[in-house]
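Below is target_27.cif, which holds mmCIF, C-alpha atoms.
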data_input
#
loop_
_atom_site.group_PDB
_atom_site.id
_atom_site.type_symbol
_atom_site.label_atom_id
_atom_site.label_comp_id
_atom_site.auth_asym_id
_atom_site.auth_seq_id
_atom_site.Cartn_x
_atom_site.Cartn_y
_atom_site.Cartn_z
ATOM 1 C CA MET A 524 133.209 130.104 -79.656
ATOM 2 C CA THR A 525 136.225 127.879 -80.002
ATOM 3 C CA ARG A 526 137.933 127.272 -83.307
ATOM 4 C CA TYR A 527 136.718 123.674 -83.286
ATOM 5 C CA ALA A 528 133.090 124.770 -82.732
ATOM 6 C CA ARG A 529 133.322 127.352 -85.558
ATOM 7 C CA ASN A 530 134.705 124.741 -87.966
ATOM 8 C CA LEU A 531 132.026 122.266 -86.936
ATOM 9 C CA ALA A 532 129.283 124.875 -87.441
ATOM 10 C CA ALA A 533 130.681 125.801 -90.881
ATOM 11 C CA LEU A 534 130.806 122.134 -91.876
ATOM 12 C CA ALA A 535 127.210 121.602 -90.727
ATOM 13 C CA MET A 536 126.013 124.612 -92.754
ATOM 14 C CA LEU A 537 127.852 123.350 -95.840
ATOM 15 C CA MET A 538 126.307 119.906 -95.471
ATOM 16 C CA LEU A 539 122.807 121.351 -95.095
ATOM 17 C CA SER A 540 123.150 123.592 -98.157
ATOM 18 C CA THR A 541 124.548 120.710 -100.231
ATOM 19 C CA THR A 542 121.691 118.457 -99.132
ATOM 20 C CA ALA A 543 119.133 121.101 -100.140
ATOM 21 C CA VAL A 544 120.706 121.431 -103.597
ATOM 22 C CA GLN A 545 120.820 117.643 -104.020
ATOM 23 C CA ALA A 546 117.165 117.359 -102.979
ATOM 24 C CA GLN A 547 116.242 119.920 -105.624
ATOM 25 C CA TYR A 548 118.025 117.880 -108.312
ATOM 26 C CA LEU A 549 116.477 114.642 -107.059
ATOM 27 C CA SER A 550 113.037 116.184 -107.535
ATOM 28 C CA ALA A 551 113.839 116.995 -111.186
ATOM 29 C CA PRO A 552 111.807 115.217 -113.866
ATOM 30 C CA LYS A 553 112.671 111.613 -114.531
ATOM 31 C CA PRO A 554 114.675 111.424 -117.772
ATOM 32 C CA GLY A 555 113.573 109.101 -120.551
ATOM 33 C CA PHE A 556 111.128 108.699 -123.420
ATOM 34 C CA PHE A 557 107.406 109.016 -122.761
ATOM 35 C CA TRP A 558 104.410 108.305 -124.978
ATOM 36 C CA ASN A 559 100.798 107.291 -124.778
ATOM 37 C CA PRO A 560 99.972 104.169 -126.832
ATOM 38 C CA GLY A 561 96.526 105.685 -127.404
ATOM 39 C CA GLU A 562 98.130 108.646 -129.204
ATOM 40 C CA PRO A 563 100.546 107.154 -131.766
ATOM 41 C CA GLY A 564 102.997 109.501 -133.462
ATOM 42 C CA LYS A 565 103.398 111.747 -130.424
ATOM 43 C CA GLY A 566 105.846 111.594 -127.545
ATOM 44 C CA TRP A 567 108.410 113.266 -125.315
ATOM 45 C CA ALA A 568 112.089 112.857 -124.567
ATOM 46 C CA ILE A 569 113.418 114.370 -121.344
ATOM 47 C CA GLU A 570 117.082 114.710 -120.390
ATOM 48 C CA VAL A 571 118.388 116.178 -117.132
ATOM 49 C CA GLN A 572 121.965 117.349 -116.527
ATOM 50 C CA ASP A 573 122.524 118.988 -113.143
ATOM 51 C CA ASN A 574 119.869 121.730 -113.033
ATOM 52 C CA LEU A 575 119.313 121.926 -116.824
ATOM 53 C CA VAL A 576 116.358 120.128 -118.405
ATOM 54 C CA PHE A 577 116.078 119.460 -122.144
ATOM 55 C CA ILE A 578 112.639 118.493 -123.453
ATOM 56 C CA ALA A 579 111.973 117.353 -127.022
ATOM 57 C CA SER A 580 108.548 116.560 -128.413
ATOM 58 C CA TYR A 581 107.637 114.941 -131.681
ATOM 59 C CA THR A 582 104.182 115.192 -133.148
ATOM 60 C CA PHE A 583 102.313 115.963 -136.350
ATOM 61 C CA GLN A 584 100.843 119.266 -137.457
ATOM 62 C CA PRO A 585 97.115 119.719 -136.667
ATOM 63 C CA THR A 586 96.328 118.851 -140.312
ATOM 64 C CA GLY A 587 98.004 115.466 -139.849
ATOM 65 C CA ASN A 588 100.751 116.380 -142.310
ATOM 66 C CA GLN A 589 104.504 116.419 -141.787
ATOM 67 C CA SER A 590 106.053 115.722 -138.431
ATOM 68 C CA VAL A 591 107.059 118.610 -136.220
ATOM 69 C CA PHE A 592 109.709 118.644 -133.514
ATOM 70 C CA TYR A 593 109.719 121.003 -130.556
ATOM 71 C CA THR A 594 112.551 121.524 -128.090
ATOM 72 C CA THR A 595 112.971 123.443 -124.862
ATOM 73 C CA LEU A 596 116.024 123.940 -122.683
ATOM 74 C CA GLY A 597 115.493 125.478 -119.276
ATOM 75 C CA THR A 598 116.699 125.586 -115.692
ATOM 76 C CA TRP A 599 114.960 123.303 -113.204
ATOM 77 C CA ASP A 600 112.937 125.180 -110.581
ATOM 78 C CA GLY A 601 112.807 122.597 -107.795
ATOM 79 C CA ILE A 602 110.631 124.745 -105.538
ATOM 80 C CA ASN A 603 107.801 125.142 -108.080
ATOM 81 C CA LYS A 604 108.630 121.864 -109.899
ATOM 82 C CA ARG A 605 108.767 123.375 -113.354
ATOM 83 C CA VAL A 606 110.972 124.214 -116.304
ATOM 84 C CA THR A 607 110.606 127.384 -118.350
ATOM 85 C CA GLY A 608 112.393 128.032 -121.622
ATOM 86 C CA ASP A 609 111.997 129.039 -125.238
ATOM 87 C CA LEU A 610 109.863 126.709 -127.360
ATOM 88 C CA LEU A 611 111.667 126.050 -130.635
ATOM 89 C CA GLU A 612 109.802 124.484 -133.573
ATOM 90 C CA PHE A 613 111.558 122.505 -136.318
ATOM 91 C CA THR A 614 109.817 121.430 -139.556
ATOM 92 C CA GLY A 615 110.926 119.987 -142.870
ATOM 93 C CA GLY A 616 114.351 118.471 -143.203
ATOM 94 C CA PRO A 617 115.496 115.127 -144.537
ATOM 95 C CA CYS A 618 113.748 111.830 -143.985
ATOM 96 C CA LEU A 619 115.565 108.714 -142.791
ATOM 97 C CA ASN A 620 117.966 107.458 -145.472
ATOM 98 C CA CYS A 621 117.375 110.599 -147.583
ATOM 99 C CA GLY A 622 119.865 113.207 -148.684
ATOM 100 C CA PRO A 623 120.053 116.763 -147.394
ATOM 101 C CA SER A 624 116.811 118.712 -147.393
ATOM 102 C CA PRO A 625 116.037 122.241 -146.190
ATOM 103 C CA SER A 626 114.419 122.640 -142.806
ATOM 104 C CA THR A 627 113.004 125.591 -140.925
ATOM 105 C CA SER A 628 113.127 126.566 -137.300
ATOM 106 C CA ARG A 629 111.488 129.326 -135.319
ATOM 107 C CA ASN A 630 111.174 130.471 -131.736
ATOM 108 C CA LEU A 631 107.521 130.343 -130.670
ATOM 109 C CA GLY A 632 108.075 132.112 -127.357
ATOM 110 C CA SER A 633 108.255 131.049 -123.735
ATOM 111 C CA ILE A 634 106.763 127.799 -122.428
ATOM 112 C CA THR A 635 106.502 126.349 -118.919
ATOM 113 C CA PHE A 636 106.255 122.638 -118.142
ATOM 114 C CA GLU A 637 105.082 121.557 -114.705
ATOM 115 C CA PHE A 638 106.052 118.215 -113.209
ATOM 116 C CA PRO A 639 103.730 117.516 -110.243
ATOM 117 C CA THR A 640 105.657 114.296 -109.529
ATOM 118 C CA ARG A 641 109.102 113.118 -110.581
ATOM 119 C CA ASP A 642 107.577 110.254 -112.592
ATOM 120 C CA SER A 643 105.109 112.334 -114.592
ATOM 121 C CA PRO A 644 106.303 113.274 -118.068
ATOM 122 C CA GLY A 645 105.053 116.778 -117.520
ATOM 123 C CA GLU A 646 101.949 118.735 -118.211
ATOM 124 C CA PHE A 647 101.623 121.581 -120.664
ATOM 125 C CA HIS A 648 101.061 124.542 -118.402
ATOM 126 C CA ARG A 649 101.492 127.854 -120.167
ATOM 127 C CA PHE A 650 102.520 129.021 -123.602
ATOM 128 C CA VAL A 651 103.298 132.662 -124.231
ATOM 129 C CA GLY A 652 104.401 133.456 -127.746
ATOM 130 C CA PRO A 653 103.677 135.253 -130.982
#
Represent the structure from my file as structure tokens, please.
Amino acid sequence: MTRYARNLAALAMLMLSTTAVQAQYLSAPKPGFFWNPGEPGKGWAIEVQDNLVFIASYTFQPTGNQSVFYTTLGTWDGINKRVTGDLLEFTGGPCLNCGPSPSTSRNLGSITFEFPTRDSPGEFHRFVGP
């Protein structure tokens, strides 16, 4: 194989691998804020940076009291279209325009979000925790 042919083959392989990586990122969840008007007080924020996906959820406790925030940071799995990470829960803390107030946080275990399409805000798939 000539030097030119080897360089051309190497360039082609590089382009194919780069395209595959870009396709994986393009299939990542669509970033933004998502909510259902029929379920006020509950929603999702999704941010994507390269292959990292940050998901934040705000909701109320099952009793209807005090808002709760959940966050997850995980690596995008473009083949299975999902993100897995630790589910962190945050409660308490200051209200808007209030002074400092104690808050609590805890790790609830591993959670997986599946995104069947890029435009879906995700579906709760599996929660494994304490």
List, as a list in words, every residue that the PyMOL selection byres ((chain A and resi 580-586) around 9) selects in the file provided.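 Evaluating the PyMOL selection byres ((chain A and resi 580-586) around 9) on these coordinates yields Pro563, Gly564, Lys565, Gly566, Trp567, Ala568, Ile569, Ile578, Ala579, Gly587, Asn588, Gln589, Ser590, Val591, Phe592, Tyr593, Thr594 and Thr595 of chain A.
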Would you write out, as a list in words, every residue that the PyMOL selection byres ((chain A and resi 596) around 6) captures in this file? Val576, Phe577, Thr595, Gly597 and Gly608 of chain A
Contacts of stretch 548-560 of chain A at 12 Å (only C-alpha atoms; same-chain gap of 6+ positions) as a PDB file with C-alpha atoms, in the coordinates of the input:
ATOM      1  CA  THR A 541     124.548 120.710-100.231  1.00  0.00           C
ATOM      2  CA  THR A 542     121.691 118.457 -99.132  1.00  0.00           C
ATOM      3  CA  GLY A 566     105.846 111.594-127.545  1.00  0.00           C
ATOM      4  CA  TRP A 567     108.410 113.266-125.315  1.00  0.00           C
ATOM      5  CA  ALA A 568     112.089 112.857-124.567  1.00  0.00           C
ATOM      6  CA  ILE A 569     113.418 114.370-121.344  1.00  0.00           C
ATOM      7  CA  GLU A 570     117.082 114.710-120.390  1.00  0.00           C
ATOM      8  CA  VAL A 571     118.388 116.178-117.132  1.00  0.00           C
ATOM      9  CA  GLN A 572     121.965 117.349-116.527  1.00  0.00           C
ATOM     10  CA  ASP A 573     122.524 118.988-113.143  1.00  0.00           C
ATOM     11  CA  ASN A 574     119.869 121.730-113.033  1.00  0.00           C
ATOM     12  CA  LEU A 575     119.313 121.926-116.824  1.00  0.00           C
ATOM     13  CA  VAL A 576     116.358 120.128-118.405  1.00  0.00           C
ATOM     14  CA  PHE A 577     116.078 119.460-122.144  1.00  0.00           C
ATOM     15  CA  ILE A 578     112.639 118.493-123.453  1.00  0.00           C
ATOM     16  CA  ALA A 579     111.973 117.353-127.022  1.00  0.00           C
ATOM     17  CA  SER A 580     108.548 116.560-128.413  1.00  0.00           C
ATOM     18  CA  TYR A 581     107.637 114.941-131.681  1.00  0.00           C
ATOM     19  CA  THR A 582     104.182 115.192-133.148  1.00  0.00           C
ATOM     20  CA  GLY A 597     115.493 125.478-119.276  1.00  0.00           C
ATOM     21  CA  THR A 598     116.699 125.586-115.692  1.00  0.00           C
ATOM     22  CA  TRP A 599     114.960 123.303-113.204  1.00  0.00           C
ATOM     23  CA  ASP A 600     112.937 125.180-110.581  1.00  0.00           C
ATOM     24  CA  GLY A 601     112.807 122.597-107.795  1.00  0.00           C
ATOM     25  CA  ILE A 602     110.631 124.745-105.538  1.00  0.00           C
ATOM     26  CA  ASN A 603     107.801 125.142-108.080  1.00  0.00           C
ATOM     27  CA  LYS A 604     108.630 121.864-109.899  1.00  0.00           C
ATOM     28  CA  ARG A 605     108.767 123.375-113.354  1.00  0.00           C
ATOM     29  CA  VAL A 606     110.972 124.214-116.304  1.00  0.00           C
ATOM     30  CA  PHE A 636     106.255 122.638-118.142  1.00  0.00           C
ATOM     31  CA  GLU A 637     105.082 121.557-114.705  1.00  0.00           C
ATOM     32  CA  PHE A 638     106.052 118.215-113.209  1.00  0.00           C
ATOM     33  CA  PRO A 639     103.730 117.516-110.243  1.00  0.00           C
ATOM     34  CA  THR A 640     105.657 114.296-109.529  1.00  0.00           C
ATOM     35  CA  ARG A 641     109.102 113.118-110.581  1.00  0.00           C
ATOM     36  CA  ASP A 642     107.577 110.254-112.592  1.00  0.00           C
ATOM     37  CA  SER A 643     105.109 112.334-114.592  1.00  0.00           C
ATOM     38  CA  PRO A 644     106.303 113.274-118.068  1.00  0.00           C
ATOM     39  CA  GLY A 645     105.053 116.778-117.520  1.00  0.00           C
ATOM     40  CA  GLU A 646     101.949 118.735-118.211  1.00  0.00           C
TER      41      GLU A 646
END
Convert the output of the PyMOL selection byres ((chain A and resi 611) around 6) on the shown file into explicit residues, formatted as number ranges by chain. A: 593-594, 610, 612, 629-631
Work out how far apart atom CA of A:Cys618 and atom CA of A:Ile634 are and give it in Å to one decimal.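 Those two atoms sit 27.7 Å apart.
Note that the spacing between atom CA of A:Thr627 and atom CA of A:Thr607 amounts to 22.8 Å.
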